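Have a look at start_25.cif below; it lists mmCIF, C-alpha atoms and all ligand atoms.
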```
data_structure
loop_
_atom_site.label_atom_id
_atom_site.label_comp_id
_atom_site.auth_asym_id
_atom_site.auth_seq_id
_atom_site.Cartn_x
_atom_site.Cartn_y
_atom_site.Cartn_z
CA MET D 1 0.00 0.00 0.00
CA ALA D 2 2.82 2.37 0.99
CA ASN D 3 4.53 1.56 -2.31
CA LEU D 4 1.36 2.29 -4.21
CA ASP D 5 1.11 5.73 -2.58
CA LEU D 6 4.72 6.44 -3.44
CA ASN D 7 4.15 5.53 -7.06
CA GLU D 8 1.09 7.74 -7.18
CA LEU D 9 2.98 10.66 -5.69
CA ARG D 10 5.86 10.14 -8.12
CA GLY D 11 3.38 10.02 -10.95
CA GLU D 12 2.06 13.37 -9.85
CA ILE D 13 5.61 14.79 -9.66
CA ASP D 14 6.24 13.54 -13.22
CA GLU D 15 3.10 15.29 -14.40
CA ILE D 16 4.13 18.54 -12.71
CA ASP D 17 7.68 18.30 -14.11
CA GLN D 18 6.33 17.90 -17.61
CA ALA D 19 4.00 20.88 -17.20
CA LEU D 20 6.92 22.98 -15.87
CA GLN D 21 9.14 21.89 -18.74
CA SER D 22 6.48 22.73 -21.32
CA LEU D 23 6.19 26.20 -19.79
CA ILE D 24 9.99 26.66 -19.95
CA ILE D 25 9.91 25.67 -23.62
CA ARG D 26 7.08 28.14 -24.22
CA ARG D 27 8.81 30.93 -22.24
CA THR D 28 12.01 30.41 -24.25
CA LYS D 29 10.15 30.91 -27.53
CA VAL D 30 8.76 34.22 -26.23
CA VAL D 31 12.23 35.34 -25.04
CA GLN D 32 13.56 34.53 -28.53
CA ALA D 33 10.81 36.74 -29.99
CA VAL D 34 11.93 39.54 -27.61
CA GLY D 35 15.50 38.95 -28.88
CA ALA D 36 14.32 39.25 -32.49
CA TYR D 37 12.53 42.50 -31.61
CA LYS D 38 15.74 43.87 -30.05
CA ASP D 39 17.69 42.81 -33.18
CA ARG D 40 15.27 44.84 -35.32
CA MET D 41 15.79 47.86 -33.02
CA ILE D 42 19.58 47.50 -33.37
CA ALA D 43 19.30 47.15 -37.18
CA ALA D 44 17.20 50.34 -37.19
CA GLY D 45 20.09 52.20 -35.55
CA GLY D 46 19.42 51.50 -31.86
CA LYS D 47 22.61 51.99 -29.88
CA VAL D 48 22.00 49.53 -27.03
CA LYS D 49 23.27 46.09 -28.08
CA VAL D 50 23.24 44.31 -24.74
CA PRO D 51 19.96 42.44 -24.00
CA TYR D 52 20.25 42.72 -20.19
CA ARG D 53 17.29 44.68 -18.69
CA PRO D 54 17.84 44.68 -14.90
CA ALA D 55 14.83 46.89 -14.11
CA ARG D 56 12.51 44.40 -15.86
CA GLU D 57 14.23 41.52 -14.03
CA ALA D 58 13.73 43.32 -10.70
CA ARG D 59 10.00 43.68 -11.42
CA ILE D 60 9.77 39.97 -12.29
CA MET D 61 11.56 38.95 -9.07
CA ARG D 62 9.48 41.24 -6.86
CA THR D 63 6.25 39.86 -8.32
CA LEU D 64 7.44 36.27 -7.80
CA VAL D 65 8.31 36.92 -4.17
CA GLU D 66 5.07 38.81 -3.46
CA ARG D 67 2.78 36.09 -4.78
CA HIS D 68 4.75 33.17 -3.40
CA GLU D 69 3.31 30.81 -0.82
CA GLY D 70 4.13 27.43 0.68
CA ALA D 71 7.31 25.83 1.92
CA PHE D 72 9.57 26.25 -1.12
CA PRO D 73 12.22 28.91 -0.17
CA LYS D 74 11.91 32.25 -1.96
CA THR D 75 15.67 32.51 -2.56
CA ALA D 76 15.61 29.14 -4.34
CA LEU D 77 12.58 30.28 -6.35
CA ILE D 78 14.53 33.37 -7.41
CA GLN D 79 17.52 31.20 -8.35
CA ILE D 80 15.36 29.10 -10.68
CA TRP D 81 14.31 32.29 -12.47
CA ARG D 82 17.89 33.57 -12.48
CA GLU D 83 18.96 30.47 -14.39
CA MET D 84 16.03 30.76 -16.79
CA ILE D 85 16.58 34.45 -17.46
CA ALA D 86 20.37 34.09 -17.80
CA ALA D 87 20.12 31.10 -20.15
CA GLY D 88 17.41 32.84 -22.19
CA THR D 89 19.34 36.14 -22.42
CA ARG D 90 22.24 34.17 -23.84
CA LEU D 91 20.01 33.16 -26.74
CA GLU D 92 19.44 36.85 -27.50
CA ALA D 93 23.17 37.78 -27.67
CA PRO D 94 26.56 36.66 -26.25
CA TYR D 95 26.52 37.14 -22.50
CA THR D 96 30.05 37.17 -21.12
CA VAL D 97 30.65 38.56 -17.63
CA ALA D 98 33.82 40.58 -16.85
CA LEU D 99 34.87 40.26 -13.23
CA GLY D 100 36.63 43.24 -11.69
CA ARG D 101 38.56 43.10 -8.42
CA ASN D 102 39.47 45.95 -6.11
CA ALA D 103 42.98 46.89 -4.91
CA ASP D 104 42.65 44.38 -2.02
CA GLY D 105 42.04 41.57 -4.53
CA LEU D 106 38.39 41.18 -3.55
CA ASP D 107 35.96 40.08 -6.26
CA CYS D 108 32.32 38.96 -6.48
CA TRP D 109 32.69 35.69 -8.40
CA GLU D 110 29.97 33.86 -6.43
CA LEU D 111 27.49 36.72 -6.88
CA ALA D 112 28.28 36.83 -10.61
CA ARG D 113 27.75 33.08 -10.98
CA LEU D 114 24.46 33.10 -9.08
CA ASN D 115 23.12 36.12 -10.94
CA PHE D 116 24.27 35.28 -14.45
CA GLY D 117 23.70 31.53 -14.24
CA CYS D 118 25.68 28.34 -14.77
CA LEU D 119 26.30 28.80 -18.51
CA ASN D 120 27.76 32.24 -18.96
CA GLU D 121 31.50 32.69 -19.13
CA ILE D 122 33.03 34.76 -16.33
CA ILE D 123 36.36 36.34 -17.32
CA GLU D 124 38.59 37.46 -14.46
CA PHE D 125 40.75 40.56 -14.94
CA ASP D 126 43.73 41.70 -12.89
CA THR D 127 42.82 45.37 -12.79
CA PRO D 128 39.50 47.22 -12.67
CA ARG D 129 40.60 49.18 -15.77
CA GLU D 130 40.94 45.98 -17.85
CA ALA D 131 37.57 44.65 -16.69
CA PHE D 132 35.99 48.01 -17.37
CA ASN D 133 37.51 48.14 -20.88
CA ALA D 134 36.04 44.71 -21.67
CA VAL D 135 32.53 46.03 -20.90
CA GLU D 136 33.19 49.25 -22.76
CA ASP D 137 34.46 47.64 -25.96
CA GLY D 138 31.81 44.90 -25.95
CA ARG D 139 34.02 41.86 -25.19
CA ALA D 140 31.79 41.44 -22.13
CA ALA D 141 28.06 42.21 -21.96
CA VAL D 142 28.27 43.08 -18.27
CA GLY D 143 30.88 43.62 -15.57
CA VAL D 144 30.61 42.77 -11.88
CA PHE D 145 32.65 44.91 -9.49
CA PRO D 146 32.87 44.87 -5.69
CA LYS D 147 30.95 47.54 -3.80
CA PRO D 148 33.32 50.52 -3.41
CA GLN D 149 35.07 50.98 -0.07
CA LEU D 150 35.63 54.40 1.46
CA GLY D 151 39.22 55.53 1.00
CA GLU D 152 40.28 52.62 -1.26
CA ALA D 153 43.09 53.15 -3.77
CA GLN D 154 42.21 53.33 -7.51
CA PRO D 155 38.46 52.82 -7.21
CA TRP D 156 36.84 51.34 -10.34
CA TRP D 157 34.02 53.87 -10.41
CA VAL D 158 36.36 56.70 -11.54
CA HIS D 159 36.26 55.05 -15.00
CA LEU D 160 32.55 55.89 -15.31
CA SER D 161 33.35 58.98 -17.33
CA GLU D 162 31.09 61.22 -19.36
CA GLN D 163 32.59 59.80 -22.56
CA SER D 164 31.80 56.20 -21.63
CA PRO D 165 28.37 54.60 -22.26
CA VAL D 166 29.00 52.22 -19.32
CA ARG D 167 26.82 52.74 -16.24
CA VAL D 168 26.08 51.00 -12.97
CA VAL D 169 22.81 49.21 -13.66
CA SER D 170 22.23 46.76 -10.84
CA LYS D 171 23.29 45.83 -7.32
CA LEU D 172 24.07 42.30 -6.13
CA PRO D 173 22.88 40.29 -4.38
CA PHE D 174 19.38 41.23 -5.48
CA GLY D 175 17.51 38.41 -3.77
CA GLY D 176 19.43 35.94 -1.64
CA ARG D 177 23.10 35.70 -0.82
CA PRO D 178 25.46 32.84 -1.64
CA VAL D 179 25.75 30.38 1.25
CA GLY D 180 29.35 30.13 2.49
CA ARG D 181 32.02 31.64 0.28
CA GLY D 182 31.06 35.12 -0.93
CA GLU D 183 28.17 35.50 1.52
CA ASP D 184 29.40 38.86 2.80
CA THR D 185 30.21 40.36 -0.60
CA GLU D 186 28.18 43.02 -2.35
CA GLY D 187 28.75 44.20 -5.86
CA PHE D 188 27.55 46.37 -8.67
CA VAL D 189 26.80 45.34 -12.24
CA LEU D 190 28.03 47.59 -15.04
CA ALA D 191 26.72 47.61 -18.61
CA ALA D 192 26.43 49.94 -21.59
CA ILE D 193 22.63 50.18 -21.47
CA ASP D 194 20.05 52.88 -20.77
CA LEU D 195 19.03 53.36 -17.15
CA GLU D 196 15.44 52.27 -16.49
CA ASP D 197 13.08 52.82 -13.59
CA SER D 198 12.09 49.60 -11.80
CA GLY D 199 9.63 51.34 -9.45
CA ASP D 200 11.96 51.24 -6.42
CA ASP D 201 15.45 52.45 -7.25
CA ARG D 202 18.53 54.31 -6.10
CA THR D 203 20.69 56.62 -8.21
CA LEU D 204 24.47 56.99 -8.18
CA PHE D 205 26.01 60.43 -8.72
CA VAL D 206 29.63 61.48 -9.04
CA VAL D 207 30.03 64.98 -7.65
CA SER D 208 33.17 67.07 -8.11
CA LEU D 209 33.95 69.22 -5.06
CA SER D 210 36.87 71.27 -3.76
CA LYS D 211 39.36 69.23 -1.71
CA GLU D 212 39.23 72.04 0.83
CA ILE D 213 35.83 70.82 2.03
CA SER D 214 36.49 68.01 4.49
CA MET D 215 34.85 64.64 3.89
CA ASP D 216 33.13 64.96 7.30
CA THR D 217 31.48 68.18 6.13
CA VAL D 218 30.51 66.62 2.78
CA ARG D 219 29.02 63.60 4.54
CA LYS D 220 27.04 65.71 6.99
CA LYS D 221 25.70 68.12 4.38
CA ILE D 222 24.66 65.37 1.97
CA ALA D 223 23.02 63.36 4.78
CA ASP D 224 21.17 66.51 5.97
CA GLY D 225 20.08 67.35 2.41
CA ILE D 226 18.77 63.93 1.36
CA ASP D 227 17.35 61.35 3.73
CA GLY D 228 18.83 57.92 3.14
CA SER D 229 21.74 59.09 0.97
CA VAL D 230 25.09 57.36 1.42
CA ILE D 231 28.61 58.28 0.35
CA LEU D 232 30.16 55.18 -1.22
CA GLY D 233 33.57 56.53 -2.15
CA PHE D 234 35.82 59.47 -2.84
CA SER D 235 38.87 59.98 -5.01
CA ASP D 236 41.23 62.95 -5.10
CA ASP D 237 42.32 64.28 -8.46
CA GLU D 238 46.14 64.58 -8.21
CA ALA D 239 46.44 67.39 -10.75
CA THR D 240 43.79 69.76 -9.39
CA ASP D 241 42.18 70.71 -6.10
CA ARG D 242 39.14 68.61 -7.01
CA ARG D 243 37.76 65.59 -5.24
CA PHE D 244 35.25 63.20 -6.81
CA VAL D 245 32.63 61.82 -4.47
CA LEU D 246 30.35 58.86 -5.28
CA VAL D 247 26.92 59.41 -3.73
CA ASP D 248 24.12 56.83 -3.58
CA VAL D 249 20.71 58.54 -3.39
CA PRO D 250 17.27 56.96 -2.86
CA GLY D 251 14.93 57.31 -5.86
CA PHE D 252 15.24 57.27 -9.65
CA PHE D 253 16.86 60.66 -10.28
CA CYS D 254 18.15 60.12 -13.82
CA ASN D 255 15.90 62.75 -15.38
CA ARG D 256 15.97 64.97 -12.30
CA THR D 257 19.63 65.86 -11.78
CA ASN D 258 18.54 69.46 -11.16
CA ALA D 259 16.73 68.40 -8.01
CA PHE D 260 19.95 66.89 -6.64
CA GLN D 261 21.98 69.92 -7.77
CA SER D 262 19.57 72.30 -5.95
CA THR D 263 19.82 70.22 -2.77
CA LEU D 264 23.63 70.40 -2.83
CA ASP D 265 23.51 74.14 -3.58
CA ALA D 266 21.12 74.64 -0.66
CA GLN D 267 23.62 72.82 1.56
CA GLY D 268 26.35 75.23 0.37
CA LEU D 269 28.39 72.49 -1.35
CA ARG D 270 28.23 74.04 -4.86
CA PRO D 271 29.67 71.14 -6.90
CA GLU D 272 31.75 72.00 -9.95
CA SER D 273 30.11 69.15 -11.80
CA LEU D 274 27.57 66.46 -11.07
CA ARG D 275 26.78 63.39 -13.16
CA VAL D 276 24.52 60.37 -12.93
CA VAL D 277 26.77 57.30 -13.23
CA GLY D 278 24.14 54.68 -12.57
CA ALA D 279 20.83 53.64 -11.07
CA TYR D 280 19.79 50.31 -9.69
CA ALA D 281 16.72 48.47 -8.41
CA VAL D 282 16.68 48.30 -4.62
CA PRO D 283 17.47 44.68 -3.72
CA LEU D 284 14.86 42.59 -1.91
CA ALA D 285 15.10 42.96 1.87
CA GLU D 286 16.18 39.91 3.90
CA ASP D 287 12.79 39.81 5.67
CA ALA D 288 10.91 39.79 2.35
CA LEU D 289 12.80 36.59 1.52
CA SER D 290 12.14 34.70 4.74
O1 LIG J 1 12.12 41.53 -21.23
C1 LIG J 1 13.18 41.47 -21.90
O2 LIG J 1 13.70 42.48 -22.40
C2 LIG J 1 13.85 40.17 -22.09
O3 LIG J 1 14.86 40.12 -22.79
C3 LIG J 1 13.33 38.97 -21.38
C4 LIG J 1 14.06 38.72 -20.05
C5 LIG J 1 13.34 37.47 -19.40
O4 LIG J 1 13.85 36.37 -19.56
O5 LIG J 1 12.27 37.68 -18.81
C6 LIG J 1 15.48 38.43 -20.32
C7 LIG J 1 16.47 39.36 -20.15
C8 LIG J 1 16.22 40.69 -19.61
O6 LIG J 1 17.23 41.10 -18.74
C9 LIG J 1 14.90 40.81 -18.99
C10 LIG J 1 13.92 39.88 -19.14
#
```
Take the structure from the file and write it as structure tokens.
Ligand SMILES: O=C(O)C(=O)C[C@]1(C(=O)O)C=C[C@@H](O)C=C1
Amino acid sequence: MANLDLNELRGEIDEIDQALQSLIIRRTKVVQAVGAYKDRMIAAGGKVKVPYRPAREARIMRTLVERHEGAFPKTALIQIWREMIAAGTRLEAPYTVALGRNADGLDCWELARLNFGCLNEIIEFDTPREAFNAVEDGRAAVGVFPKPQLGEAQPWWVHLSEQSPVRVVSKLPFGGRPVGRGEDTEGFVLAAIDLEDSGDDRTLFVVSLSKEISMDTVRKKIADGIDGSVILGFSDDEATDRRFVLVDVPGFFCNRTNAFQSTLDAQGLRPESLRVVGAYAVPLAEDALS
């Protein structure tokens, strides 16, 4: 009798597996149609050639987590979709990942593997400049770089210049950390794509200020001006008296740089220049995943 029940249950699992597989086959055909649409846009002169759309992915993941129920862990659910999305994106265009490390040798290999799936090649580079170049010249579709550290030497984000189409487009981990190695790492994804609003985002600015203003003053004034803003890094320009500061601001500010400029002016910081260097979907909170 027990055996009979087991066979019945396994029969039901087989049925479910087949239904899931049929849906994956169907989803893949739709993703290929999206790829063909993007190809037509590129042929018509569209400049964005990388199929990665992190804002759309963030919306998909948030919806999955919101409607989930039952015992299956949400982080594992997300990982199933990560594999599906990464494998499908690869059908749209080559999807190589450039891995940047910081001056301490830290990288985000585990985060890159989890986010971009088991199939995509991860190329490791010795310097942030080399990894950045690979994204810029199209040898890699995306780059994964460790979260900047305050006061670090040669930060990678100084390469996000006005002349470069490369931007920060996503933060990792988005939903669920690696278990064990890499569990404490955080990173940013870089790509040469347009910044899109996911509905819950943060924006990264590089602000050029006089070195005469102390970092304590900068920190205090920016924190007073914008609730929830964080300074992620700073880098002194050797040749001038300028200092570049990387500021992470809540909200999607890409079309509203004036608002940020006015806030800094009101705080008396008067930046010489101010640029958006990225925007990213706010990752899922740990408690939303439990
Ligand atoms: O919606 C798109 O633009 C797609 O290419 C489809 C898809 C997906 O598999 O759902 C794949 C890659 C993108 O990063 C986002 C979503």
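Note that CA of Gly251 in chain D and CA of Gly233 in chain D are 19.0 Å apart.
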Please, which residues have at least one atom within 9 Å of an atom of ligand LIG 1 (chain J), using all atoms listed in the file, listed as a list in words?
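After applying the 9 Å limit, what remains is Arg27, Thr28, Val30, Val31, Gln32, Ala33, Val34, Gly35, Lys38, Pro51, Tyr52, Arg53, Pro54, Ala55, Arg56, Glu57, Ala58, Ile60, Trp81, Arg82, Met84, Ile85, Ala86, Ala87, Gly88, Thr89, Arg90 and Glu92 of chain D.
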Excluding same-chain residues fewer than 6 positions from Arg275 in chain D, what lies within 7 Å of it counting all atoms listed in the file, as a ChimeraX atom specification?
/D:205-207
Separating CA of Tyr280 in chain D from CA of Asp200 in chain D, to the nearest tenth of an Å, is a gap of 8.5 Å
So that I can check the surroundings of Gln154 in chain D, please list as an NGL selection string every protein, DNA and RNA residue that reaches within 9 Å of it, counting only C-alpha atoms and ignoring chain neighbours fewer than 4 positions away.
:D and (102-103 or 128 or 158 or 235)
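The two atoms in question, CA of Thr63 in chain D and CA of Leu114 in chain D, are spaced 19.4 Å apart.
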Size and centre in Å, one decimal, axis-aligned box, all listed range 272-279 of chain D atoms plus 8 Å per side, as lines of an AutoDock Vina configuration file:
```
center_x = 26.3
center_y = 62.8
center_z = -11.6
size_x = 26.9
size_y = 34.4
size_z = 19.3
```
Counting all atoms listed in the file, which of D:Glu110, D:Asp248, D:Asp197, D:Asp237 gets nearest to Ile222 in chain D?
D:Asp248
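If you measure from each of D:Glu66, D:Asp107, D:Asp265, D:Glu8 to Glu183 in chain D using only C-alpha atoms, the closest one turns out to be D:Asp107.
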Determine, counting only C-alpha atoms, which protein, DNA and RNA residues have an atom within 10 Å of an atom of Asp137 in chain D; residues of the same chain fewer than 5 positions away are not included. Present the result as a list in words.
Phe132, Ser164, Pro165, Val166 and Ala192 of chain D
Contacts of range 72-74 of chain D within 12 Å, all atoms listed in the file, excl. fewer than 6 positions in-chain, as a ChimeraX atom specification
/D:61-66,80-81,175-177,284-290
Nearest residue to Pro271 in chain D from the set D:Val245, D:Leu172, D:Leu20, D:Ala259 (distances using all atoms listed in the file)
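Checking each candidate against Pro271 in chain D, we get D:Val245 as the closest.
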Measuring atom to atom with all atoms listed in the file, identify which of D:Thr217, D:Ser161, D:Asn133, D:Thr240 is nearest to Gly100 in chain D.
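Going through D:Thr217, D:Ser161, D:Asn133, D:Thr240 one by one, the smallest distance to Gly100 in chain D is for D:Asn133.
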Within 12 Å of Leu195 in chain D using all atoms listed in the file, minus same-chain residues under 5 positions, as number ranges by chain:
D: 48, 52-56, 165-170, 190, 201-204, 252-255, 276-281
What would the file look like if the residues just selected were written as a PDB file, in the coordinates of the input with C-alpha atoms?
```pdb
ATOM      1  CA  VAL D  48      22.000  49.530 -27.030  1.00  0.00           C
ATOM      2  CA  TYR D  52      20.250  42.720 -20.190  1.00  0.00           C
ATOM      3  CA  ARG D  53      17.290  44.680 -18.690  1.00  0.00           C
ATOM      4  CA  PRO D  54      17.840  44.680 -14.900  1.00  0.00           C
ATOM      5  CA  ALA D  55      14.830  46.890 -14.110  1.00  0.00           C
ATOM      6  CA  ARG D  56      12.510  44.400 -15.860  1.00  0.00           C
ATOM      7  CA  PRO D 165      28.370  54.600 -22.260  1.00  0.00           C
ATOM      8  CA  VAL D 166      29.000  52.220 -19.320  1.00  0.00           C
ATOM      9  CA  ARG D 167      26.820  52.740 -16.240  1.00  0.00           C
ATOM     10  CA  VAL D 168      26.080  51.000 -12.970  1.00  0.00           C
ATOM     11  CA  VAL D 169      22.810  49.210 -13.660  1.00  0.00           C
ATOM     12  CA  SER D 170      22.230  46.760 -10.840  1.00  0.00           C
ATOM     13  CA  LEU D 190      28.030  47.590 -15.040  1.00  0.00           C
ATOM     14  CA  ASP D 201      15.450  52.450  -7.250  1.00  0.00           C
ATOM     15  CA  ARG D 202      18.530  54.310  -6.100  1.00  0.00           C
ATOM     16  CA  THR D 203      20.690  56.620  -8.210  1.00  0.00           C
ATOM     17  CA  LEU D 204      24.470  56.990  -8.180  1.00  0.00           C
ATOM     18  CA  PHE D 252      15.240  57.270  -9.650  1.00  0.00           C
ATOM     19  CA  PHE D 253      16.860  60.660 -10.280  1.00  0.00           C
ATOM     20  CA  CYS D 254      18.150  60.120 -13.820  1.00  0.00           C
ATOM     21  CA  ASN D 255      15.900  62.750 -15.380  1.00  0.00           C
ATOM     22  CA  VAL D 276      24.520  60.370 -12.930  1.00  0.00           C
ATOM     23  CA  VAL D 277      26.770  57.300 -13.230  1.00  0.00           C
ATOM     24  CA  GLY D 278      24.140  54.680 -12.570  1.00  0.00           C
ATOM     25  CA  ALA D 279      20.830  53.640 -11.070  1.00  0.00           C
ATOM     26  CA  TYR D 280      19.790  50.310  -9.690  1.00  0.00           C
ATOM     27  CA  ALA D 281      16.720  48.470  -8.410  1.00  0.00           C
TER      28      ALA D 281
END
```
Using all atoms listed in the file, the residue out of D:Glu130, D:Asp194, D:Glu152, D:Asp14 with shortest distance to Asp104 in chain D is D:Glu152
Can you find the residues with an atom no farther than 6 Å from (40.8, 65.7, -0.8), counting all atoms listed in the file, and report them as a list in words?
Lys211, Asp236 and Arg243 of chain D
Go through D:Thr96, D:Gln267, D:Gln79, D:Ser22 and flag the residue nearest Ala131 in chain D, using only C-alpha atoms for the distances.
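Result for the nearest residue to Ala131 in chain D: D:Thr96.
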